[in-house]
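This is entry-v2.cif. It holds mmCIF, C-alpha atoms.
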```
data_my_file
loop_
_atom_site.label_atom_id
_atom_site.label_comp_id
_atom_site.auth_asym_id
_atom_site.auth_seq_id
_atom_site.Cartn_x
_atom_site.Cartn_y
_atom_site.Cartn_z
CA ALA A 1 0.39 -15.19 -22.20
CA GLU A 2 -1.08 -13.49 -25.23
CA MET A 3 -3.00 -11.06 -23.05
CA ASP A 4 0.27 -9.78 -21.58
CA ASN A 5 0.87 -7.71 -24.70
CA ILE A 6 -2.42 -5.82 -24.62
CA PRO A 7 -1.63 -2.20 -23.77
CA ALA A 8 -3.65 -0.78 -20.90
CA PRO A 9 -4.17 3.00 -20.87
CA VAL A 10 -3.92 3.29 -17.12
CA GLY A 11 -1.81 4.50 -14.28
CA ARG A 12 1.56 6.14 -14.53
CA THR A 13 2.66 6.75 -18.08
CA TYR A 14 6.32 6.64 -18.91
CA ASN A 15 8.84 9.31 -19.84
CA GLN A 16 6.86 12.21 -18.36
CA SER A 17 9.20 12.97 -15.45
CA SER A 18 12.71 14.37 -15.59
CA ASN A 19 15.55 12.42 -14.02
CA PHE A 20 15.68 15.05 -11.27
CA ASP A 21 11.97 14.63 -10.54
CA LYS A 22 12.24 10.85 -10.47
CA THR A 23 15.17 11.07 -8.06
CA PHE A 24 13.31 13.57 -5.89
CA GLN A 25 10.24 11.33 -5.70
CA LEU A 26 12.38 8.30 -4.85
CA LEU A 27 14.05 10.14 -1.99
CA ALA A 28 10.78 11.67 -0.84
CA GLN A 29 9.03 8.31 -0.68
CA ALA A 30 11.91 6.85 1.30
CA VAL A 31 11.74 9.78 3.76
CA TYR A 32 7.95 9.53 4.06
CA TYR A 33 7.90 5.81 4.76
CA ALA A 34 10.99 5.67 6.94
CA GLY A 35 9.74 8.75 8.78
CA SER A 36 6.61 6.88 9.77
CA VAL A 37 8.71 4.37 11.70
CA ILE A 38 10.81 7.11 13.26
CA VAL A 39 7.77 9.13 14.36
CA TYR A 40 6.01 6.03 15.76
CA THR A 41 9.11 4.90 17.65
CA GLY A 42 9.95 8.43 18.73
CA TYR A 43 6.58 8.90 20.39
CA LEU A 44 7.04 5.68 22.35
CA GLY A 45 10.43 6.98 23.45
CA ALA A 46 12.29 3.79 22.55
CA ILE A 47 11.95 0.53 20.68
CA PRO A 48 9.55 -1.60 22.78
CA SER A 49 11.08 -4.57 24.56
CA PHE A 50 10.45 -7.93 22.95
CA VAL A 51 7.48 -9.50 24.70
CA LEU A 52 5.56 -11.91 22.48
CA TYR A 53 2.03 -11.08 23.61
CA ASP A 54 2.62 -7.41 24.41
CA GLN A 55 0.34 -5.27 22.24
CA MET A 56 2.70 -2.28 22.20
CA PHE A 57 5.57 -4.40 20.87
CA ILE A 58 3.54 -6.42 18.35
CA CYS A 59 1.86 -3.35 16.84
CA TRP A 60 5.16 -1.50 16.69
CA LEU A 61 6.71 -4.51 14.94
CA ALA A 62 3.86 -4.74 12.39
CA TRP A 63 3.95 -1.00 11.71
CA THR A 64 7.73 -1.05 11.33
CA CYS A 65 7.74 -4.10 9.02
CA HIS A 66 5.14 -2.49 6.76
CA PHE A 67 6.93 0.83 6.38
CA VAL A 68 10.40 -0.70 6.09
CA ARG A 69 9.01 -2.80 3.25
CA ARG A 70 7.42 0.24 1.63
CA THR A 71 10.69 2.16 1.99
CA THR A 72 12.53 -0.69 0.27
CA GLU A 73 9.95 -0.82 -2.52
CA GLY A 74 10.10 2.96 -2.91
CA VAL A 75 13.86 2.88 -3.41
CA PHE A 76 14.39 -0.35 -5.36
CA ILE A 77 11.11 -1.42 -6.98
CA GLN A 78 8.65 1.39 -7.51
CA LYS A 79 8.92 3.47 -10.70
CA TYR A 80 8.33 7.21 -10.72
CA THR A 81 6.99 8.50 -13.99
CA ARG A 82 4.65 11.36 -13.16
CA SER A 83 5.74 14.81 -12.16
CA SER A 84 5.42 15.57 -8.46
CA ASN A 85 3.09 18.27 -7.16
CA TRP A 86 2.72 20.22 -3.94
CA GLY A 87 -0.29 18.18 -2.88
CA PHE A 88 1.85 15.06 -3.00
CA ILE A 89 4.88 16.73 -1.41
CA LEU A 90 3.00 18.20 1.55
CA GLY A 91 0.02 15.88 1.94
CA THR A 92 1.86 12.56 2.05
CA PRO A 93 4.05 13.21 5.11
CA LEU A 94 1.18 14.88 6.95
CA ASN A 95 -0.90 11.75 6.39
CA TYR A 96 1.73 9.15 7.26
CA TRP A 97 3.42 10.98 10.13
CA GLY A 98 0.16 12.26 11.59
CA TYR A 99 -1.29 8.77 11.73
CA SER A 100 1.99 7.44 13.11
CA LEU A 101 1.58 9.77 16.07
CA TRP A 102 -2.10 9.00 16.55
CA VAL A 103 -1.73 5.23 16.30
CA SER A 104 1.28 5.14 18.62
CA TYR A 105 -0.54 7.38 21.10
CA CYS A 106 -3.49 4.96 21.18
CA LEU A 107 -1.17 1.98 21.68
CA SER A 108 1.30 3.40 24.18
CA THR A 109 -0.18 1.65 27.22
CA GLU A 110 0.55 -1.88 28.39
CA LYS A 111 -1.86 -4.58 27.26
CA THR A 112 -1.47 -8.30 26.69
CA LEU A 113 -2.86 -9.86 23.52
CA SER A 114 -4.71 -13.15 23.66
CA GLY A 115 -3.28 -16.05 21.66
CA ILE A 116 -6.24 -15.98 19.27
CA GLN A 117 -5.90 -12.24 18.76
CA LEU A 118 -2.19 -12.54 18.05
CA ILE A 119 -2.56 -15.45 15.61
CA LEU A 120 -5.65 -14.09 13.82
CA GLY A 121 -4.51 -10.48 13.56
CA GLY A 122 -0.93 -11.39 12.77
CA SER A 123 -1.92 -13.91 10.09
CA ILE A 124 -4.31 -11.51 8.36
CA PHE A 125 -1.71 -8.75 8.48
CA LEU A 126 0.97 -11.02 7.00
CA ILE A 127 -1.33 -12.29 4.22
CA GLY A 128 -2.22 -8.72 3.27
CA GLU A 129 1.43 -7.68 3.24
CA ILE A 130 2.36 -10.58 0.96
CA ILE A 131 -0.50 -9.83 -1.46
CA ASN A 132 0.47 -6.15 -1.55
CA MET A 133 4.18 -6.85 -2.01
CA ILE A 134 3.84 -9.50 -4.74
CA HIS A 135 1.50 -7.42 -6.87
CA HIS A 136 3.62 -4.29 -6.44
CA TYR A 137 6.50 -6.31 -7.82
CA LYS A 138 4.44 -7.56 -10.77
CA LEU A 139 3.42 -4.00 -11.62
CA SER A 140 7.06 -2.91 -11.51
CA LYS A 141 7.98 -5.55 -14.11
CA LEU A 142 5.48 -4.38 -16.73
CA GLU A 143 7.14 -3.43 -19.99
CA HIS A 144 7.96 0.24 -20.56
CA ARG A 145 6.22 1.06 -23.83
CA SER A 146 7.36 3.78 -26.19
CA ASP A 147 3.75 4.84 -26.76
CA GLY A 148 3.40 5.87 -23.12
CA LEU A 149 1.07 3.03 -22.16
CA ARG A 150 1.77 -0.06 -20.13
CA ASN A 151 0.81 -3.66 -20.69
CA THR A 152 -2.12 -5.26 -18.92
CA PRO A 153 -0.97 -6.96 -15.69
CA MET A 154 -1.74 -10.67 -15.62
CA GLY A 155 -1.46 -13.55 -13.18
CA LEU A 156 -2.30 -14.19 -9.54
CA LEU A 157 -5.07 -11.87 -8.30
CA PHE A 158 -4.73 -9.70 -11.41
CA GLU A 159 -6.86 -12.39 -13.04
CA TYR A 160 -9.75 -11.31 -10.83
CA VAL A 161 -9.28 -7.62 -10.03
CA SER A 162 -7.58 -4.59 -11.50
CA CYS A 163 -5.94 -3.47 -8.24
CA PRO A 164 -5.05 -6.45 -6.03
CA HIS A 165 -2.26 -4.45 -4.37
CA TYR A 166 -4.91 -2.17 -2.87
CA PHE A 167 -6.89 -5.20 -1.73
CA GLY A 168 -3.79 -6.56 0.01
CA GLU A 169 -3.13 -3.28 1.79
CA ILE A 170 -6.66 -3.14 3.18
CA ILE A 171 -6.36 -6.73 4.41
CA ALA A 172 -3.06 -5.89 6.12
CA TRP A 173 -4.53 -2.94 8.00
CA LEU A 174 -7.56 -4.99 8.97
CA GLY A 175 -5.17 -7.47 10.59
CA PHE A 176 -3.35 -4.61 12.27
CA ASN A 177 -6.65 -3.36 13.70
CA ILE A 178 -7.34 -6.76 15.20
CA LEU A 179 -3.98 -6.55 16.94
CA ALA A 180 -4.70 -2.97 18.00
CA ASP A 181 -8.22 -3.66 19.32
CA PHE A 182 -9.58 -1.32 16.63
CA SER A 183 -8.20 1.71 18.48
CA TRP A 184 -9.39 5.11 17.31
CA GLY A 185 -6.13 5.82 15.50
CA SER A 186 -5.76 2.49 13.74
CA LEU A 187 -9.47 2.33 12.84
CA ALA A 188 -9.36 5.83 11.36
CA TYR A 189 -6.29 4.84 9.34
CA LEU A 190 -8.11 1.76 8.02
CA ILE A 191 -11.24 3.73 7.11
CA THR A 192 -9.52 6.67 5.43
CA GLY A 193 -7.11 4.33 3.67
CA THR A 194 -9.94 2.17 2.38
CA ILE A 195 -11.84 5.20 1.09
CA THR A 196 -8.72 6.48 -0.68
CA LEU A 197 -7.86 3.10 -2.20
CA LYS A 198 -11.47 2.57 -3.27
CA GLY A 199 -11.33 5.83 -5.22
CA LEU A 200 -8.01 4.95 -6.81
CA ALA A 201 -9.20 1.46 -7.72
CA ASP A 202 -12.33 2.84 -9.35
CA TYR A 203 -10.30 5.39 -11.31
CA ASN A 204 -7.72 2.83 -12.48
CA HIS A 205 -10.34 0.23 -13.37
CA LYS A 206 -12.28 2.69 -15.54
CA ARG A 207 -9.10 3.60 -17.37
CA TYR A 208 -8.26 -0.05 -17.91
CA LEU A 209 -11.70 -0.52 -19.46
CA LEU A 210 -10.87 2.09 -22.10
CA ASN A 211 -9.05 -0.77 -23.74
CA PRO A 212 -11.79 -2.80 -25.50
CA LYS A 213 -9.76 -5.98 -25.07
CA TYR A 214 -9.37 -5.60 -21.33
CA PRO A 215 -10.94 -8.58 -19.46
CA LYS A 216 -14.46 -7.46 -18.55
CA LYS A 217 -14.81 -10.11 -15.84
CA ARG A 218 -12.30 -8.37 -13.60
CA LYS A 219 -13.61 -6.49 -10.61
CA ARG A 220 -12.01 -3.30 -9.33
CA MET A 221 -10.39 -4.34 -6.06
CA ILE A 222 -12.21 -7.12 -4.18
CA PRO A 223 -12.29 -10.50 -5.97
CA PHE A 224 -15.77 -11.55 -7.13
CA LEU A 225 -17.46 -8.63 -5.32
CA TRP A 226 -16.32 -5.17 -6.44
#
```

Taking this structure as input, can you express it in the form of structure tokens?
Amino acid sequence: AEMDNIPAPVGRTYNQSSNFDKTFQLLAQAVYYAGSVIVYTGYLGAIPSFVLYDQMFICWLAWTCHFVRRTTEGVFIQKYTRSSNWGFILGTPLNYWGYSLWVSYCLSTEKTLSGIQLILGGSIFLIGEIINMIHHYKLSKLEHRSDGLRNTPMGLLFEYVSCPHYFGEIIAWLGFNILADFSWGSLAYLITGTITLKGLADYNHKRYLLNPKYPKKRKRMIPFLW
């Protein structure tokens, strides 16, 4: 589409990181995400036995699927173009691994999910994961511009919001919370994650709007609402 070629002054700009820094960030992201699964599983002491309606197993499976996907994206899809900093290096693992411990602690007792809870929570989680994954991939395919900008993302939920990948992530963790009975750990992760993503979406949206040709009808993160 014609709009695809409109440069958007937003997000990571290209050619600002050295090859060493890009490699470091790639490895760091893989360690952070994969570590979340290891910490979660390590607290439980073992991989939970497969029991379809068992809350411990289902939540472990959802958590593992999310962070295995994010590890894969971090290694093969995501682009690293900004220099790393100590806040990123130290804060990211503390966040992911700390919540992995808290969430697994809250879900380490035996409980059986109802059929409705399993279907509703699992479906919402899966929908959110798909939205997040697809739009991450679309962002990764944006043209690398020599002027340091990137083209405006188009198609799917990008037609309605600037940051649909954030919207998908929030949906996924809402589904996870349904599966987890809104435990203290999982609820805190949803709330703090939503606050963080809201701030990022607002920041990115305002930078997109610096381009006078950027579609003004787009919301920040939630289609038709915000």

Could you list, as a list in words, every residue matched by the PyMOL selection byres ((chain A and resi 72) around 12) in this structure?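 Checking the PyMOL selection byres ((chain A and resi 72) around 12) against this file, the residues are Leu26, Leu27, Gln29, Ala30, Val31, Tyr32, Tyr33, Ala34, Cys65, His66, Phe67, Val68, Arg69, Arg70, Thr71, Glu73, Gly74, Val75, Phe76, Ile77, Gln78, Met133, His136 and Tyr137 of chain A.
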
Put those residues in a file: C-alpha atoms, as a short mmCIF file (atom, residue, chain, number, x, y, z; two decimals), in the frame of the given file.
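Contents of the output file result07.cif:
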```cif
data_model
loop_
_atom_site.label_atom_id
_atom_site.label_comp_id
_atom_site.auth_asym_id
_atom_site.auth_seq_id
_atom_site.Cartn_x
_atom_site.Cartn_y
_atom_site.Cartn_z
CA LEU A 26 12.38 8.30 -4.85
CA LEU A 27 14.05 10.14 -1.99
CA GLN A 29 9.03 8.31 -0.68
CA ALA A 30 11.91 6.85 1.30
CA VAL A 31 11.74 9.78 3.76
CA TYR A 32 7.95 9.53 4.06
CA TYR A 33 7.90 5.81 4.76
CA ALA A 34 10.99 5.67 6.94
CA CYS A 65 7.74 -4.10 9.02
CA HIS A 66 5.14 -2.49 6.76
CA PHE A 67 6.93 0.83 6.38
CA VAL A 68 10.40 -0.70 6.09
CA ARG A 69 9.01 -2.80 3.25
CA ARG A 70 7.42 0.24 1.63
CA THR A 71 10.69 2.16 1.99
CA GLU A 73 9.95 -0.82 -2.52
CA GLY A 74 10.10 2.96 -2.91
CA VAL A 75 13.86 2.88 -3.41
CA PHE A 76 14.39 -0.35 -5.36
CA ILE A 77 11.11 -1.42 -6.98
CA GLN A 78 8.65 1.39 -7.51
CA MET A 133 4.18 -6.85 -2.01
CA HIS A 136 3.62 -4.29 -6.44
CA TYR A 137 6.50 -6.31 -7.82
#
```

In terms of only C-alpha atoms, the residue from A:Ser114, A:Leu61, A:His165, A:Glu159 at minimal distance from Ser49 of chain A is A:Leu61

Neighbours of segment 117-130 of chain A within 7 Å (all atoms listed in the file; same-chain residues fewer than 2 positions away dropped), as number ranges by chain? A: 113-115, 132-134, 168-169, 171-176, 178-179

Can you write just those residues out, C-alpha atoms, as a PDB file, in the coordinates of the input?
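File written: out07.pdb
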```
ATOM      1  CA  LEU A 113      -2.860  -9.860  23.520  1.00  0.00           C
ATOM      2  CA  SER A 114      -4.710 -13.150  23.660  1.00  0.00           C
ATOM      3  CA  GLY A 115      -3.280 -16.050  21.660  1.00  0.00           C
ATOM      4  CA  ASN A 132       0.470  -6.150  -1.550  1.00  0.00           C
ATOM      5  CA  MET A 133       4.180  -6.850  -2.010  1.00  0.00           C
ATOM      6  CA  ILE A 134       3.840  -9.500  -4.740  1.00  0.00           C
ATOM      7  CA  GLY A 168      -3.790  -6.560   0.010  1.00  0.00           C
ATOM      8  CA  GLU A 169      -3.130  -3.280   1.790  1.00  0.00           C
ATOM      9  CA  ILE A 171      -6.360  -6.730   4.410  1.00  0.00           C
ATOM     10  CA  ALA A 172      -3.060  -5.890   6.120  1.00  0.00           C
ATOM     11  CA  TRP A 173      -4.530  -2.940   8.000  1.00  0.00           C
ATOM     12  CA  LEU A 174      -7.560  -4.990   8.970  1.00  0.00           C
ATOM     13  CA  GLY A 175      -5.170  -7.470  10.590  1.00  0.00           C
ATOM     14  CA  PHE A 176      -3.350  -4.610  12.270  1.00  0.00           C
ATOM     15  CA  ILE A 178      -7.340  -6.760  15.200  1.00  0.00           C
ATOM     16  CA  LEU A 179      -3.980  -6.550  16.940  1.00  0.00           C
TER      17      LEU A 179
END
```

Nearest to Ile116 of chain A by atom-to-atom distance, counting only C-alpha atoms, from A:Tyr53, A:Leu225, A:Gly185, A:Ile191: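 Checking each candidate against Ile116 of chain A, we get A:Tyr53 as the closest.
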
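Interatomic distance, atom CA of Gly199 of chain A to atom CA of Phe167 of chain A: 12.4 Å.
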
So which one's closest to Trp184 of chain A, A:Ser104, A:Asn211, A:Gln25, A:Thr92? Using only C-alpha atoms, please. A:Ser104

I want to know what sits within 12 Å of Ala46 of chain A, based on all atoms listed in the file, with residues of the same chain fewer than 3 positions away left out; could you give that as a list of chain:residue names? A:Val37, A:Ile38, A:Val39, A:Tyr40, A:Thr41, A:Gly42, A:Tyr43, A:Ser49, A:Phe50, A:Met56, A:Phe57, A:Trp60, A:Ser104, A:Ser108

Store the residues picked out above in a file with C-alpha atoms, as a compact mmCIF listing (two decimals), in the coordinates of the input.
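So again_33.txt came out as:
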```txt
# COMPACT_ATOMS: atom_id res chain seq x y z
CA VAL A 37 8.71 4.37 11.70
CA ILE A 38 10.81 7.11 13.26
CA VAL A 39 7.77 9.13 14.36
CA TYR A 40 6.01 6.03 15.76
CA THR A 41 9.11 4.90 17.65
CA GLY A 42 9.95 8.43 18.73
CA TYR A 43 6.58 8.90 20.39
CA SER A 49 11.08 -4.57 24.56
CA PHE A 50 10.45 -7.93 22.95
CA MET A 56 2.70 -2.28 22.20
CA PHE A 57 5.57 -4.40 20.87
CA TRP A 60 5.16 -1.50 16.69
CA SER A 104 1.28 5.14 18.62
CA SER A 108 1.30 3.40 24.18
```

How many Å lie between atom CA of Asp202 of chain A and atom CA of Met154 of chain A, rounded to one decimal?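 Going from atom CA of Asp202 of chain A over to atom CA of Met154 of chain A, I get 18.3 Å.
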
Have a look at atom CA of Gly193 of chain A and atom CA of Leu52 of chain A and let me know their distance in Å, one decimal. 27.9 Å

Which of these, A:Asp54, A:Tyr96, A:Ala201, A:Cys59, has the shortest distance to Glu110 of chain A once you count only C-alpha atoms?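 Of all the options, A:Asp54 lies closest to Glu110 of chain A.
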
Which residue gives the smallest distance to Ser186 of chain A among A:Pro93, A:Pro153, A:Gly98, A:Pro223, with all atoms listed in the file counted? A:Gly98

With the PyMOL selection byres ((chain A and resi 158) around 10) as the selection, what would be picked from this file? Answer as JSON, numbers by chain, please. {"A": [135, 138, 139, 152, 153, 154, 155, 156, 157, 159, 160, 161, 162, 163, 164, 165, 218, 219, 220, 221, 223]}

Restricting the output to C-alpha atoms, write the selected residues as a PDB file, in the frame of the given file.
```pdb
ATOM      1  CA  HIS A 135       1.500  -7.420  -6.870  1.00  0.00           C
ATOM      2  CA  LYS A 138       4.440  -7.560 -10.770  1.00  0.00           C
ATOM      3  CA  LEU A 139       3.420  -4.000 -11.620  1.00  0.00           C
ATOM      4  CA  THR A 152      -2.120  -5.260 -18.920  1.00  0.00           C
ATOM      5  CA  PRO A 153      -0.970  -6.960 -15.690  1.00  0.00           C
ATOM      6  CA  MET A 154      -1.740 -10.670 -15.620  1.00  0.00           C
ATOM      7  CA  GLY A 155      -1.460 -13.550 -13.180  1.00  0.00           C
ATOM      8  CA  LEU A 156      -2.300 -14.190  -9.540  1.00  0.00           C
ATOM      9  CA  LEU A 157      -5.070 -11.870  -8.300  1.00  0.00           C
ATOM     10  CA  GLU A 159      -6.860 -12.390 -13.040  1.00  0.00           C
ATOM     11  CA  TYR A 160      -9.750 -11.310 -10.830  1.00  0.00           C
ATOM     12  CA  VAL A 161      -9.280  -7.620 -10.030  1.00  0.00           C
ATOM     13  CA  SER A 162      -7.580  -4.590 -11.500  1.00  0.00           C
ATOM     14  CA  CYS A 163      -5.940  -3.470  -8.240  1.00  0.00           C
ATOM     15  CA  PRO A 164      -5.050  -6.450  -6.030  1.00  0.00           C
ATOM     16  CA  HIS A 165      -2.260  -4.450  -4.370  1.00  0.00           C
ATOM     17  CA  ARG A 218     -12.300  -8.370 -13.600  1.00  0.00           C
ATOM     18  CA  LYS A 219     -13.610  -6.490 -10.610  1.00  0.00           C
ATOM     19  CA  ARG A 220     -12.010  -3.300  -9.330  1.00  0.00           C
ATOM     20  CA  MET A 221     -10.390  -4.340  -6.060  1.00  0.00           C
ATOM     21  CA  PRO A 223     -12.290 -10.500  -5.970  1.00  0.00           C
TER      22      PRO A 223
END
```

Would you mind writing segment 200-210 of chain A with all heavy atoms, as a PDB file, in the frame of the given file?
```pdb
ATOM      1  N   LEU A 200      -9.076   5.229  -5.852  1.00  0.00           N
ATOM      2  CA  LEU A 200      -8.010   4.950  -6.810  1.00  0.00           C
ATOM      3  C   LEU A 200      -8.318   3.713  -7.643  1.00  0.00           C
ATOM      4  O   LEU A 200      -8.055   3.683  -8.849  1.00  0.00           O
ATOM      5  CB  LEU A 200      -6.689   4.756  -6.055  1.00  0.00           C
ATOM      6  CG  LEU A 200      -6.077   6.011  -5.430  1.00  0.00           C
ATOM      7  CD1 LEU A 200      -4.889   5.637  -4.556  1.00  0.00           C
ATOM      8  CD2 LEU A 200      -5.661   7.004  -6.505  1.00  0.00           C
ATOM      9  N   ALA A 201      -8.865   2.677  -6.994  1.00  0.00           N
ATOM     10  CA  ALA A 201      -9.200   1.460  -7.720  1.00  0.00           C
ATOM     11  C   ALA A 201     -10.283   1.720  -8.767  1.00  0.00           C
ATOM     12  O   ALA A 201     -10.211   1.211  -9.893  1.00  0.00           O
ATOM     13  CB  ALA A 201      -9.664   0.379  -6.738  1.00  0.00           C
ATOM     14  N   ASP A 202     -11.268   2.505  -8.405  1.00  0.00           N
ATOM     15  CA  ASP A 202     -12.330   2.840  -9.350  1.00  0.00           C
ATOM     16  C   ASP A 202     -11.776   3.620 -10.534  1.00  0.00           C
ATOM     17  O   ASP A 202     -12.110   3.338 -11.699  1.00  0.00           O
ATOM     18  CB  ASP A 202     -13.411   3.644  -8.627  1.00  0.00           C
ATOM     19  CG  ASP A 202     -14.650   3.861  -9.483  1.00  0.00           C
ATOM     20  OD1 ASP A 202     -15.183   2.862 -10.018  1.00  0.00           O
ATOM     21  OD2 ASP A 202     -15.092   5.012  -9.627  1.00  0.00           O
ATOM     22  N   TYR A 203     -10.913   4.576 -10.253  1.00  0.00           N
ATOM     23  CA  TYR A 203     -10.300   5.390 -11.310  1.00  0.00           C
ATOM     24  C   TYR A 203      -9.450   4.516 -12.246  1.00  0.00           C
ATOM     25  O   TYR A 203      -9.571   4.588 -13.473  1.00  0.00           O
ATOM     26  CB  TYR A 203      -9.439   6.464 -10.671  1.00  0.00           C
ATOM     27  CG  TYR A 203      -8.596   7.254 -11.650  1.00  0.00           C
ATOM     28  CD1 TYR A 203      -9.155   8.263 -12.424  1.00  0.00           C
ATOM     29  CD2 TYR A 203      -7.224   6.998 -11.775  1.00  0.00           C
ATOM     30  CE1 TYR A 203      -8.386   8.988 -13.321  1.00  0.00           C
ATOM     31  CE2 TYR A 203      -6.449   7.720 -12.668  1.00  0.00           C
ATOM     32  CZ  TYR A 203      -7.030   8.717 -13.438  1.00  0.00           C
ATOM     33  OH  TYR A 203      -6.256   9.428 -14.323  1.00  0.00           O
ATOM     34  N   ASN A 204      -8.581   3.677 -11.662  1.00  0.00           N
ATOM     35  CA  ASN A 204      -7.720   2.830 -12.480  1.00  0.00           C
ATOM     36  C   ASN A 204      -8.507   1.822 -13.296  1.00  0.00           C
ATOM     37  O   ASN A 204      -8.203   1.561 -14.465  1.00  0.00           O
ATOM     38  CB  ASN A 204      -6.703   2.111 -11.600  1.00  0.00           C
ATOM     39  CG  ASN A 204      -5.599   3.021 -11.106  1.00  0.00           C
ATOM     40  OD1 ASN A 204      -5.395   4.106 -11.635  1.00  0.00           O
ATOM     41  ND2 ASN A 204      -4.896   2.596 -10.081  1.00  0.00           N
ATOM     42  N   HIS A 205      -9.533   1.237 -12.680  1.00  0.00           N
ATOM     43  CA  HIS A 205     -10.340   0.230 -13.370  1.00  0.00           C
ATOM     44  C   HIS A 205     -11.047   0.839 -14.585  1.00  0.00           C
ATOM     45  O   HIS A 205     -11.089   0.225 -15.664  1.00  0.00           O
ATOM     46  CB  HIS A 205     -11.365  -0.345 -12.398  1.00  0.00           C
ATOM     47  CG  HIS A 205     -12.186  -1.456 -12.975  1.00  0.00           C
ATOM     48  ND1 HIS A 205     -11.671  -2.713 -13.248  1.00  0.00           N
ATOM     49  CD2 HIS A 205     -13.504  -1.504 -13.356  1.00  0.00           C
ATOM     50  CE1 HIS A 205     -12.614  -3.484 -13.749  1.00  0.00           C
ATOM     51  NE2 HIS A 205     -13.733  -2.776 -13.825  1.00  0.00           N
ATOM     52  N   LYS A 206     -11.585   2.027 -14.418  1.00  0.00           N
ATOM     53  CA  LYS A 206     -12.280   2.690 -15.540  1.00  0.00           C
ATOM     54  C   LYS A 206     -11.317   2.996 -16.669  1.00  0.00           C
ATOM     55  O   LYS A 206     -11.676   2.902 -17.849  1.00  0.00           O
ATOM     56  CB  LYS A 206     -12.965   3.959 -15.053  1.00  0.00           C
ATOM     57  CG  LYS A 206     -14.192   3.697 -14.187  1.00  0.00           C
ATOM     58  CD  LYS A 206     -14.805   4.979 -13.667  1.00  0.00           C
ATOM     59  CE  LYS A 206     -16.049   4.683 -12.830  1.00  0.00           C
ATOM     60  NZ  LYS A 206     -16.636   5.930 -12.252  1.00  0.00           N
ATOM     61  N   ARG A 207     -10.092   3.346 -16.321  1.00  0.00           N
ATOM     62  CA  ARG A 207      -9.100   3.600 -17.370  1.00  0.00           C
ATOM     63  C   ARG A 207      -8.658   2.319 -18.045  1.00  0.00           C
ATOM     64  O   ARG A 207      -8.404   2.294 -19.250  1.00  0.00           O
ATOM     65  CB  ARG A 207      -7.905   4.356 -16.788  1.00  0.00           C
ATOM     66  CG  ARG A 207      -8.249   5.773 -16.336  1.00  0.00           C
ATOM     67  CD  ARG A 207      -7.017   6.598 -16.132  1.00  0.00           C
ATOM     68  NE  ARG A 207      -6.318   6.829 -17.387  1.00  0.00           N
ATOM     69  CZ  ARG A 207      -5.083   7.328 -17.473  1.00  0.00           C
ATOM     70  NH1 ARG A 207      -4.417   7.609 -16.372  1.00  0.00           N
ATOM     71  NH2 ARG A 207      -4.514   7.519 -18.639  1.00  0.00           N
ATOM     72  N   TYR A 208      -8.548   1.239 -17.288  1.00  0.00           N
ATOM     73  CA  TYR A 208      -8.260  -0.050 -17.910  1.00  0.00           C
ATOM     74  C   TYR A 208      -9.333  -0.400 -18.930  1.00  0.00           C
ATOM     75  O   TYR A 208      -9.042  -0.915 -20.017  1.00  0.00           O
ATOM     76  CB  TYR A 208      -8.217  -1.153 -16.846  1.00  0.00           C
ATOM     77  CG  TYR A 208      -6.884  -1.363 -16.164  1.00  0.00           C
ATOM     78  CD1 TYR A 208      -6.782  -1.287 -14.770  1.00  0.00           C
ATOM     79  CD2 TYR A 208      -5.744  -1.669 -16.888  1.00  0.00           C
ATOM     80  CE1 TYR A 208      -5.574  -1.502 -14.127  1.00  0.00           C
ATOM     81  CE2 TYR A 208      -4.532  -1.889 -16.267  1.00  0.00           C
ATOM     82  CZ  TYR A 208      -4.450  -1.802 -14.879  1.00  0.00           C
ATOM     83  OH  TYR A 208      -3.248  -2.010 -14.264  1.00  0.00           O
ATOM     84  N   LEU A 209     -10.579  -0.140 -18.587  1.00  0.00           N
ATOM     85  CA  LEU A 209     -11.700  -0.520 -19.460  1.00  0.00           C
ATOM     86  C   LEU A 209     -11.757   0.304 -20.741  1.00  0.00           C
ATOM     87  O   LEU A 209     -12.537  -0.018 -21.648  1.00  0.00           O
ATOM     88  CB  LEU A 209     -13.018  -0.405 -18.694  1.00  0.00           C
ATOM     89  CG  LEU A 209     -13.221  -1.446 -17.589  1.00  0.00           C
ATOM     90  CD1 LEU A 209     -14.504  -1.157 -16.821  1.00  0.00           C
ATOM     91  CD2 LEU A 209     -13.261  -2.863 -18.167  1.00  0.00           C
ATOM     92  N   LEU A 210     -10.954   1.359 -20.845  1.00  0.00           N
ATOM     93  CA  LEU A 210     -10.870   2.090 -22.100  1.00  0.00           C
ATOM     94  C   LEU A 210     -10.289   1.218 -23.201  1.00  0.00           C
ATOM     95  O   LEU A 210     -10.499   1.466 -24.381  1.00  0.00           O
ATOM     96  CB  LEU A 210      -9.999   3.345 -21.928  1.00  0.00           C
ATOM     97  CG  LEU A 210     -10.560   4.441 -21.007  1.00  0.00           C
ATOM     98  CD1 LEU A 210      -9.539   5.556 -20.841  1.00  0.00           C
ATOM     99  CD2 LEU A 210     -11.870   4.985 -21.556  1.00  0.00           C
TER     100      LEU A 210
END
```
